[in-house]
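Participant: See final-v2.json below, with JSON, C-alpha atoms.
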[["chain", "number", "residue", "atom", "x", "y", "z"],
["A", 1, "MET", "CA", 0.00, 0.00, 0.00],
["A", 2, "SER", "CA", 1.50, 3.30, -1.00],
["A", 3, "TYR", "CA", 0.89, 6.55, 0.80],
["A", 4, "SER", "CA", 0.85, 9.96, -0.72],
["A", 5, "GLU", "CA", 3.63, 12.42, 0.06],
["A", 6, "GLN", "CA", 1.12, 14.68, 1.81],
["A", 7, "PHE", "CA", 0.04, 11.84, 4.17],
["A", 8, "LYS", "CA", 3.68, 10.92, 4.94],
["A", 9, "GLU", "CA", 4.39, 14.56, 5.77],
["A", 10, "HIS", "CA", 1.33, 14.64, 8.04],
["A", 11, "ILE", "CA", 2.56, 11.55, 9.93],
["A", 12, "GLU", "CA", 6.02, 13.16, 10.34],
["A", 13, "TYR", "CA", 4.55, 16.36, 11.77],
["A", 14, "THR", "CA", 2.25, 14.41, 14.08],
["A", 15, "PHE", "CA", 5.13, 12.32, 15.42],
["A", 16, "ASN", "CA", 7.23, 15.45, 15.81],
["A", 17, "GLY", "CA", 4.46, 17.09, 17.85],
["A", 18, "PHE", "CA", 4.07, 13.94, 19.99],
["A", 19, "CYS", "CA", 7.82, 13.85, 20.76],
["A", 20, "LYS", "CA", 7.84, 17.53, 21.72],
["A", 21, "THR", "CA", 4.87, 17.01, 24.06],
["A", 22, "VAL", "CA", 6.49, 14.01, 25.74],
["A", 23, "LEU", "CA", 9.78, 15.88, 26.23],
["A", 24, "TYR", "CA", 7.96, 18.94, 27.58],
["A", 25, "HIS", "CA", 6.08, 16.91, 30.19],
["A", 26, "GLU", "CA", 9.21, 14.96, 31.20],
["A", 27, "ALA", "CA", 11.04, 18.27, 31.70],
["A", 28, "LEU", "CA", 8.15, 19.48, 33.88],
["A", 29, "ASN", "CA", 8.35, 16.30, 35.98],
["A", 30, "ALA", "CA", 12.12, 16.71, 36.38],
["A", 31, "TYR", "CA", 11.73, 20.34, 37.53],
["A", 32, "ARG", "CA", 8.98, 19.35, 40.00],
["A", 33, "ASP", "CA", 11.13, 16.56, 41.42],
["A", 34, "LEU", "CA", 14.07, 18.95, 41.79],
["A", 35, "GLN", "CA", 11.91, 21.56, 43.55],
["A", 36, "ARG", "CA", 10.44, 18.93, 45.89],
["A", 37, "LYS", "CA", 13.94, 17.72, 46.74],
["A", 38, "GLN", "CA", 15.17, 21.28, 47.37],
["A", 39, "ARG", "CA", 12.25, 21.98, 49.74],
["A", 40, "HIS", "CA", 13.12, 18.98, 51.92],
["A", 41, "GLU", "CA", 16.92, 19.00, 51.82],
["A", 42, "ILE", "CA", 19.19, 21.21, 53.86],
["A", 43, "SER", "CA", 22.58, 22.26, 52.56],
["A", 44, "LEU", "CA", 25.61, 21.00, 54.48],
["A", 45, "GLU", "CA", 27.21, 24.46, 54.32],
["A", 46, "TYR", "CA", 24.14, 25.87, 56.10],
["A", 47, "ILE", "CA", 24.41, 23.29, 58.88],
["A", 48, "VAL", "CA", 28.14, 23.91, 59.37],
["A", 49, "ALA", "CA", 27.62, 27.70, 59.42],
["A", 50, "GLU", "CA", 24.79, 27.49, 61.98],
["A", 51, "THR", "CA", 26.48, 25.13, 64.46],
["A", 52, "SER", "CA", 29.46, 25.64, 66.71],
["A", 53, "PHE", "CA", 30.76, 22.07, 66.60],
["A", 54, "GLU", "CA", 32.56, 20.06, 63.96],
["A", 55, "PRO", "CA", 30.19, 17.87, 61.93],
["A", 56, "PHE", "CA", 31.86, 14.47, 62.37],
["A", 57, "GLU", "CA", 31.61, 11.42, 64.55],
["A", 58, "ALA", "CA", 34.42, 9.09, 65.57],
["A", 59, "ASP", "CA", 33.64, 5.49, 66.42],
["A", 60, "GLU", "CA", 34.95, 4.34, 69.75],
["A", 61, "TYR", "CA", 35.44, 0.88, 68.32],
["A", 62, "PHE", "CA", 38.57, 1.96, 66.46],
["A", 63, "GLN", "CA", 39.97, 3.82, 69.48],
["A", 64, "VAL", "CA", 40.21, 0.67, 71.60],
["A", 65, "ALA", "CA", 43.78, -0.55, 71.75],
["A", 66, "TYR", "CA", 44.25, -3.61, 69.59],
["A", 67, "LYS", "CA", 46.31, -6.12, 71.54],
["A", 68, "PRO", "CA", 46.73, -9.31, 69.54],
["A", 69, "THR", "CA", 47.99, -12.42, 71.33],
["A", 70, "VAL", "CA", 50.59, -14.54, 69.56],
["A", 71, "PHE", "CA", 50.81, -18.33, 69.93],
["A", 72, "GLN", "CA", 53.60, -20.50, 68.52],
["A", 73, "VAL", "CA", 52.47, -23.94, 67.32],
["A", 74, "GLN", "CA", 54.70, -26.40, 65.44],
["A", 75, "GLY", "CA", 56.90, -23.56, 64.19],
["A", 76, "GLN", "CA", 53.93, -21.54, 62.97],
["A", 77, "THR", "CA", 52.75, -18.24, 64.38],
["A", 78, "VAL", "CA", 49.05, -17.92, 65.19],
["A", 79, "ILE", "CA", 47.72, -14.45, 66.02],
["A", 80, "ILE", "CA", 44.47, -14.22, 67.99],
["A", 81, "GLY", "CA", 42.87, -10.78, 67.89],
["A", 82, "ASN", "CA", 39.99, -11.51, 70.26],
["A", 83, "GLU", "CA", 41.24, -10.93, 73.80],
["A", 84, "ARG", "CA", 38.56, -13.12, 75.43],
["A", 85, "LEU", "CA", 39.35, -16.04, 73.16],
["A", 86, "ALA", "CA", 43.09, -15.66, 73.72],
["A", 87, "THR", "CA", 42.59, -15.65, 77.49],
["A", 88, "ALA", "CA", 40.40, -18.75, 77.34],
["A", 89, "LEU", "CA", 42.91, -20.51, 75.07],
["A", 90, "SER", "CA", 45.76, -19.74, 77.44],
["A", 91, "LYS", "CA", 43.86, -21.51, 80.26],
["A", 92, "LEU", "CA", 43.84, -24.79, 78.30],
["A", 93, "SER", "CA", 46.59, -27.34, 78.74],
["A", 94, "GLU", "CA", 49.43, -26.90, 76.26],
["A", 95, "GLN", "CA", 48.54, -30.04, 74.32],
["A", 96, "ARG", "CA", 44.84, -29.17, 73.94],
["A", 97, "GLN", "CA", 45.75, -25.61, 73.09],
["A", 98, "GLU", "CA", 48.01, -26.81, 70.28],
["A", 99, "ILE", "CA", 45.37, -29.24, 68.98],
["A", 100, "VAL", "CA", 42.75, -26.47, 68.79],
["A", 101, "LEU", "CA", 45.15, -23.99, 67.17],
["A", 102, "LEU", "CA", 46.39, -26.52, 64.63],
["A", 103, "TYR", "CA", 42.89, -27.63, 63.69],
["A", 104, "TYR", "CA", 41.11, -24.25, 63.48],
["A", 105, "PHE", "CA", 43.89, -21.82, 62.60],
["A", 106, "CYS", "CA", 46.45, -23.90, 60.68],
["A", 107, "ASP", "CA", 43.92, -26.13, 58.84],
["A", 108, "TYR", "CA", 45.43, -29.41, 60.01],
["A", 109, "ARG", "CA", 43.10, -32.42, 60.10],
["A", 110, "ASP", "CA", 42.72, -34.84, 63.01],
["A", 111, "LYS", "CA", 44.76, -37.56, 61.31],
["A", 112, "VAL", "CA", 47.75, -35.23, 60.74],
["A", 113, "ILE", "CA", 47.56, -33.82, 64.28],
["A", 114, "GLY", "CA", 47.37, -37.36, 65.62],
["A", 115, "LYS", "CA", 50.59, -38.30, 63.79],
["A", 116, "LEU", "CA", 52.35, -35.28, 65.34],
["A", 117, "TYR", "CA", 51.44, -36.38, 68.89],
["A", 118, "GLY", "CA", 51.40, -40.16, 68.37],
["A", 119, "TYR", "CA", 47.61, -40.46, 68.67],
["A", 120, "CYS", "CA", 45.04, -42.04, 66.42],
["A", 121, "ARG", "CA", 42.48, -39.83, 64.67],
["A", 122, "SER", "CA", 39.67, -40.59, 67.12],
["A", 123, "THR", "CA", 41.81, -39.67, 70.17],
["A", 124, "THR", "CA", 42.74, -36.37, 68.54],
["A", 125, "ASN", "CA", 39.07, -35.71, 67.82],
["A", 126, "TYR", "CA", 38.18, -36.51, 71.44],
["A", 127, "GLN", "CA", 40.90, -34.16, 72.73],
["A", 128, "ARG", "CA", 39.71, -31.38, 70.42],
["A", 129, "GLN", "CA", 36.08, -31.80, 71.47],
["A", 130, "ALA", "CA", 37.06, -31.78, 75.15],
["A", 131, "ALA", "CA", 39.11, -28.64, 74.58],
["A", 132, "LEU", "CA", 36.13, -26.95, 72.89],
["A", 133, "LYS", "CA", 33.89, -27.81, 75.84],
["A", 134, "GLN", "CA", 36.47, -26.36, 78.21],
["A", 135, "LEU", "CA", 36.79, -23.23, 76.02],
["A", 136, "ARG", "CA", 33.02, -22.77, 76.00],
["A", 137, "LYS", "CA", 32.90, -23.12, 79.78],
["A", 138, "GLU", "CA", 35.75, -20.60, 80.21],
["A", 139, "LEU", "CA", 34.05, -18.08, 77.92],
["A", 140, "GLU", "CA", 30.69, -18.49, 79.71],
["A", 141, "ASP", "CA", 32.35, -18.06, 83.10],
["A", 142, "GLU", "CA", 34.11, -14.94, 81.88],
["A", 143, "GLU", "CA", 30.81, -13.32, 80.93]]
Let me see the file written as structure tokens.
Facilitator:
Amino acid sequence: MSYSEQFKEHIEYTFNGFCKTVLYHEALNAYRDLQRKQRHEISLEYIVAETSFEPFEADEYFQVAYKPTVFQVQGQTVIIGNERLATALSKLSEQRQEIVLLYYFCDYRDKVIGKLYGYCRSTTNYQRQAALKQLRKELEDEE
């Protein structure tokens, strides 16, 4: 179906008018949104000029002295950042302390730890579980 040149020109003008209307209304919406935002927002310069204090906050968390505890296990250094955990670990016997540190911090498995101390895997597992119970008790008592 062929259209006449006059009809094609009419469609072009109609589409042009539609696009202009859409753009006009979108610009109005953008200006309204900007005005609404400006009514509800307060400039930071205004706040700083009106107050006598510095506008910042420092967390006390980062001001606490960080005192890591270092443990030596099988020639490896293990650093414990949690003071409560380090205190509870230090109350364990040396052997249980090493088993817990090797298992949880050095990624050794029960079989390998057992070979280091001359135990079978199940004895190492038992020692580790007993150490965890003692750790839990120490941490609960500390609270």
Participant: When you look at Ala86 (chain A) with a cut-off of 12 Å (counting only C-alpha atoms), what residues show up, excluding the ones that are within fewer than 3 positions of it in the same chain? I need them as a list of chain:residue names.
Facilitator: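 Surrounding residues, per the criterion: A:Lys67, A:Pro68, A:Thr69, A:Val70, A:Phe71, A:Val78, A:Ile79, A:Ile80, A:Gly81, A:Asn82, A:Glu83, A:Leu89, A:Ser90, A:Lys91, A:Leu92, A:Gln97, A:Val100, A:Leu101, A:Leu135, A:Glu138, A:Leu139.
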Participant: With a distance cut-off of 12 Å and all atoms listed in the file, select the neighbouring residues of region 105-115 of chain A, excluding the residue or stretch itself and same-chain residues fewer than 6 positions from it, and output the selection as a list in words.
Facilitator: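 Returned residues: Phe71, Gln72, Val73, Gln74, Gly75, Gln76, Thr77, Val78, Ile79, Ile80, Gln95, Arg96, Gln97, Glu98, Ile99, Arg121, Ser122, Thr123, Thr124, Asn125, Tyr126, Gln127, Arg128 and Gln129 of chain A.
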Participant: Report, in Å to a single decimal, how far apart CA of Lys20 (chain A) and CA of Gln6 (chain A) are.
Facilitator: 21.2 Å
Participant: Could you jot down the CA of Leu85 (chain A) to CA of Glu142 (chain A) separation for me, Å, one decimal place?
Facilitator: 10.2 Å
Participant: Separation of CA of Gln134 (chain A) and CA of Ser93 (chain A), in Å?
Facilitator: 10.2 Å
